[in-house]
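With compact mmCIF, C-alpha atoms inside, this is protein_10.txt:
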```txt
# COMPACT_ATOMS: atom_id res chain seq x y z
CA MET A 1 -4.83 29.20 -4.46
CA LYS A 2 -5.75 27.21 -1.40
CA SER A 3 -5.86 23.42 -1.80
CA ASP A 4 -9.13 22.90 0.00
CA GLU A 5 -11.82 20.39 -0.87
CA PRO A 6 -14.35 22.76 -2.49
CA SER A 7 -11.69 24.47 -4.63
CA LEU A 8 -10.19 21.21 -5.83
CA ALA A 9 -13.60 19.69 -6.53
CA ARG A 10 -14.59 22.78 -8.54
CA LEU A 11 -11.31 22.68 -10.50
CA MET A 12 -11.82 18.98 -11.22
CA ALA A 13 -15.36 19.55 -12.48
CA MET A 14 -14.12 22.37 -14.73
CA ALA A 15 -11.25 20.19 -15.98
CA GLN A 16 -13.70 17.43 -16.86
CA GLN A 17 -15.54 19.96 -19.03
CA GLY A 18 -12.34 20.80 -20.90
CA ASP A 19 -11.07 23.90 -19.11
CA ARG A 20 -7.29 23.70 -19.67
CA LEU A 21 -6.38 26.40 -17.18
CA ALA A 22 -8.45 24.71 -14.46
CA TYR A 23 -6.80 21.38 -15.31
CA HIS A 24 -3.31 22.89 -15.13
CA THR A 25 -4.12 24.54 -11.79
CA LEU A 26 -5.62 21.31 -10.50
CA LEU A 27 -2.47 19.37 -11.37
CA MET A 28 -0.24 21.94 -9.66
CA GLU A 29 -2.37 21.91 -6.50
CA CYS A 30 -2.56 18.11 -6.52
CA ARG A 31 1.22 17.97 -6.92
CA VAL A 32 1.66 20.00 -3.71
CA TRP A 33 -0.92 17.89 -1.86
CA LEU A 34 0.65 14.61 -3.07
CA LYS A 35 4.14 15.67 -2.02
CA ARG A 36 2.84 16.26 1.50
CA TYR A 37 0.89 12.98 1.42
CA PHE A 38 3.88 10.89 0.30
CA ALA A 39 6.58 12.75 2.26
CA ARG A 40 6.09 10.57 5.35
CA ARG A 41 5.47 7.38 3.41
CA VAL A 42 8.38 6.99 0.99
CA ALA A 43 12.08 7.62 0.79
CA PRO A 44 12.95 11.06 -0.63
CA ASN A 45 14.52 9.50 -3.73
CA HIS A 46 11.15 7.90 -4.63
CA LEU A 47 8.97 10.92 -3.88
CA GLU A 48 8.99 12.72 -7.23
CA ASP A 49 8.47 9.53 -9.26
CA LEU A 50 5.52 8.54 -7.10
CA VAL A 51 3.95 11.99 -7.39
CA GLN A 52 4.31 11.83 -11.19
CA GLU A 53 2.83 8.32 -11.36
CA THR A 54 -0.11 9.45 -9.26
CA LEU A 55 -0.71 12.52 -11.44
CA LEU A 56 -0.67 10.25 -14.51
CA ALA A 57 -3.17 7.96 -12.81
CA LEU A 58 -5.33 10.99 -12.00
CA HIS A 59 -5.19 11.95 -15.68
CA ARG A 60 -6.20 8.45 -16.77
CA LYS A 61 -9.05 8.38 -14.23
CA LEU A 62 -10.27 11.91 -14.97
CA ALA A 63 -13.53 10.71 -16.51
CA THR A 64 -14.33 8.45 -13.54
CA TYR A 65 -14.57 11.27 -11.00
CA ASP A 66 -18.13 12.03 -9.88
CA PRO A 67 -18.48 15.79 -9.22
CA SER A 68 -21.22 15.12 -6.66
CA ARG A 69 -18.66 13.37 -4.41
CA ALA A 70 -15.68 14.70 -2.46
CA PHE A 71 -12.47 15.12 -4.46
CA LEU A 72 -9.73 14.59 -1.84
CA PRO A 73 -10.84 11.07 -0.79
CA TRP A 74 -10.90 10.15 -4.49
CA LEU A 75 -7.38 11.52 -4.96
CA ALA A 76 -6.20 9.86 -1.74
CA ALA A 77 -7.47 6.48 -2.98
CA ILE A 78 -5.52 6.86 -6.21
CA ALA A 79 -2.44 7.94 -4.24
CA ARG A 80 -2.76 4.99 -1.90
CA TYR A 81 -2.91 2.50 -4.78
CA ARG A 82 0.18 4.10 -6.38
CA TRP A 83 1.94 3.94 -3.00
CA VAL A 84 1.12 0.25 -2.56
CA ASP A 85 2.40 -0.43 -6.09
CA GLN A 86 5.61 1.42 -5.19
CA LEU A 87 6.03 -0.68 -2.04
CA ARG A 88 5.58 -3.85 -4.05
CA ARG A 89 8.28 -2.75 -6.51
CA VAL A 90 10.68 -1.87 -3.71
CA TYR A 91 10.11 -5.13 -1.85
CA ARG A 92 10.34 -7.17 -5.04
CA THR A 93 13.69 -5.54 -5.81
CA SER A 94 14.85 -6.18 -2.23
CA GLU A 95 13.85 -9.84 -2.47
CA ILE A 96 15.82 -10.29 -5.68
CA GLU A 97 18.87 -8.64 -4.11
CA LEU A 98 18.54 -10.83 -1.01
CA GLU A 99 18.19 -14.00 -3.07
CA ASP A 100 21.34 -13.12 -5.00
CA GLU A 101 23.17 -12.35 -1.76
CA PHE A 102 22.31 -15.64 -0.08
CA ILE A 103 22.96 -17.99 -2.99
CA GLY A 104 25.60 -20.41 -1.81
CA SER A 105 25.53 -19.14 1.79
CA SER A 106 24.60 -21.07 4.88
CA ASP A 107 21.04 -21.48 6.10
CA GLU A 108 21.82 -19.61 9.32
CA PRO A 109 20.04 -16.34 8.36
CA ALA A 110 16.90 -18.26 7.41
CA ILE A 111 16.98 -20.18 10.67
CA VAL A 112 17.42 -17.00 12.72
CA ALA A 113 14.59 -15.34 10.81
CA ARG A 114 12.33 -18.33 11.41
CA ILE A 115 13.06 -18.31 15.14
CA SER A 116 12.28 -14.58 15.29
CA LEU A 117 9.07 -15.15 13.37
CA GLU A 118 8.03 -17.96 15.72
CA ARG A 119 8.58 -15.66 18.73
CA LEU A 120 6.39 -13.00 17.12
CA PHE A 121 3.70 -15.55 16.20
CA ALA A 122 3.64 -16.78 19.82
CA GLN A 123 2.30 -13.37 20.83
CA LEU A 124 -0.62 -13.57 18.39
CA PRO A 125 -3.85 -15.51 18.76
CA SER A 126 -3.32 -18.91 17.14
CA ALA A 127 -5.95 -18.33 14.42
CA GLN A 128 -4.17 -15.16 13.28
CA ALA A 129 -0.73 -16.78 13.36
CA GLN A 130 -2.02 -19.80 11.42
CA ALA A 131 -3.71 -17.64 8.76
CA ILE A 132 -0.56 -15.55 8.25
CA GLU A 133 1.62 -18.67 8.15
CA LEU A 134 -0.50 -20.40 5.52
CA VAL A 135 -1.13 -17.44 3.21
CA LYS A 136 1.85 -15.13 3.61
CA ILE A 137 4.63 -17.64 4.32
CA GLU A 138 3.59 -20.90 2.70
CA GLY A 139 1.93 -19.12 -0.22
CA LEU A 140 -1.48 -20.80 -0.09
CA SER A 141 -4.44 -18.94 -1.52
CA VAL A 142 -7.10 -17.69 0.88
CA ALA A 143 -9.42 -20.49 -0.28
CA GLU A 144 -6.74 -23.16 0.29
CA ALA A 145 -5.92 -21.76 3.72
CA SER A 146 -9.62 -21.74 4.56
CA ARG A 147 -9.90 -25.43 3.74
CA ALA A 148 -6.66 -26.27 5.57
CA CYS A 149 -7.60 -24.69 8.90
CA GLY A 150 -11.39 -24.72 8.85
CA GLN A 151 -11.85 -20.95 8.96
CA SER A 152 -14.08 -19.18 6.46
CA GLU A 153 -12.34 -17.23 3.70
CA SER A 154 -13.49 -13.91 5.16
CA LEU A 155 -12.23 -14.94 8.60
CA ILE A 156 -8.85 -15.84 7.06
CA LYS A 157 -8.65 -12.34 5.54
CA VAL A 158 -9.67 -10.68 8.80
CA ASN A 159 -7.18 -12.76 10.81
CA ILE A 160 -4.37 -11.91 8.39
CA HIS A 161 -5.22 -8.20 8.52
CA ARG A 162 -5.49 -8.08 12.31
CA GLY A 163 -2.43 -10.28 12.82
CA LEU A 164 -0.24 -8.20 10.52
CA LYS A 165 -1.47 -5.04 12.22
CA LYS A 166 -0.50 -6.46 15.63
CA LEU A 167 2.88 -7.64 14.32
CA THR A 168 3.55 -4.20 12.88
CA ALA A 169 2.70 -2.57 16.20
CA MET A 170 4.96 -5.01 18.09
CA ILE A 171 7.87 -4.39 15.75
CA GLU A 172 7.42 -0.62 15.87
CA ARG A 173 7.39 -0.69 19.68
CA ALA A 174 10.58 -2.77 19.71
```
Could you express the structure from this file as structure tokens?
Amino acid sequence: MKSDEPSLARLMAMAQQGDRLAYHTLLMECRVWLKRYFARRVAPNHLEDLVQETLLALHRKLATYDPSRAFLPWLAAIARYRWVDQLRRVYRTSEIELEDEFIGSSDEPAIVARISLERLFAQLPSAQAQAIELVKIEGLSVAEASRACGQSESLIKVNIHRGLKKLTAMIERA
């Protein structure tokens, strides 16, 4: 079976109508597609768990699929949300490990990190740096940051998105 859009959409429509064989085939094909999708995004030790979580999410969302729309973008959206959840879990675990590691240590790593961050922020437009600082570092809500710097809430969100994108590109180039 070829995992192309029309085939997967047809299998999904048949699965929604209760065809067990079509559902089983759909899951197998989605499994292959998801492994390729996640292969470049996660560490190999997280790949299988993430594929399974996404297949479970697909199962839970089975009734929400609209057969008149494309299947792969729908599956990709589910996969992306599972991937973001995975990243949050990994970073949360990393933060806890880092907090435990630095308890009772000097403030030197925090100072070095802050200096590095200031150098990166200097390369951003001031509105983007300020929005990132207020929301992502100081922990203000978007509404609070909007009031603090006089930018609209949507502009705060746009500045954060664009600023983080530029920071990511700078770090990747370095």
Fill in the blank from the handout: re CA of Glu53 (chain A) and CA of Ala76 (chain A): distance 13.3 Å
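Closest approach to Tyr23 (chain A) among A:Leu11, A:Ala43, A:Leu120, A:Ala127 is made by A:Leu11 (distances from all atoms listed in the file).
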May I have a table of the residues of region 22-131 of chain A lying at most 7 Å from region 151-166 of chain A, giving each one's closest pair of atoms and their distance in Å to one decimal, counting all atoms listed in the file, ordered by chain and ascending residue number, as CSV?
```
residue,atom,partner,partner_atom,distance
A:Leu124,CA,A:Gly163,CA,6.7
A:Ala127,CA,A:Asn159,CA,6.8
A:Gln128,CA,A:Asn159,CA,4.6
A:Ala129,CA,A:Gly163,CA,6.7
A:Ala131,CA,A:Ile156,CA,5.7
```
Handout entry: Contacts of Trp83 (chain A) within 8 Å, all atoms listed in the file, excl. fewer than 3 positions in-chain, as a PyMOL selection string
Key = chain A and resi 38+50+79-80+86-87
Can you sort out the box for region 151-159 of chain A, edges along x, y and z, all listed atoms in, 8 Å on every side, with centre and edge lengths in Å to one decimal, as JSON?
```
{"center_x": -10.6, "center_y": -15.8, "center_z": 7.3, "size_x": 22.9, "size_y": 26.3, "size_z": 23.1}
```
Got a sec to check which residues sit within 12 Å of (-3.5, 25.6, -3.7), counting all atoms listed in the file, and write them as a compact mmCIF listing (two decimals) with C-alpha atoms, keeping the file's coordinate frame?
```txt
# COMPACT_ATOMS: atom_id res chain seq x y z
CA MET A 1 -4.83 29.20 -4.46
CA LYS A 2 -5.75 27.21 -1.40
CA SER A 3 -5.86 23.42 -1.80
CA ASP A 4 -9.13 22.90 0.00
CA GLU A 5 -11.82 20.39 -0.87
CA PRO A 6 -14.35 22.76 -2.49
CA SER A 7 -11.69 24.47 -4.63
CA LEU A 8 -10.19 21.21 -5.83
CA LEU A 11 -11.31 22.68 -10.50
CA ALA A 22 -8.45 24.71 -14.46
CA HIS A 24 -3.31 22.89 -15.13
CA THR A 25 -4.12 24.54 -11.79
CA LEU A 26 -5.62 21.31 -10.50
CA LEU A 27 -2.47 19.37 -11.37
CA MET A 28 -0.24 21.94 -9.66
CA GLU A 29 -2.37 21.91 -6.50
CA CYS A 30 -2.56 18.11 -6.52
CA ARG A 31 1.22 17.97 -6.92
CA VAL A 32 1.66 20.00 -3.71
CA TRP A 33 -0.92 17.89 -1.86
CA LEU A 34 0.65 14.61 -3.07
```
Practice task
For region 57-72 of chain A, please output as a PyMOL selection string all residues within 8 Å (counting all atoms listed in the file; exclusion window: fewer than 6 positions along the same chain).
Solution key: chain A and resi 5+8-9+12-13+16+78
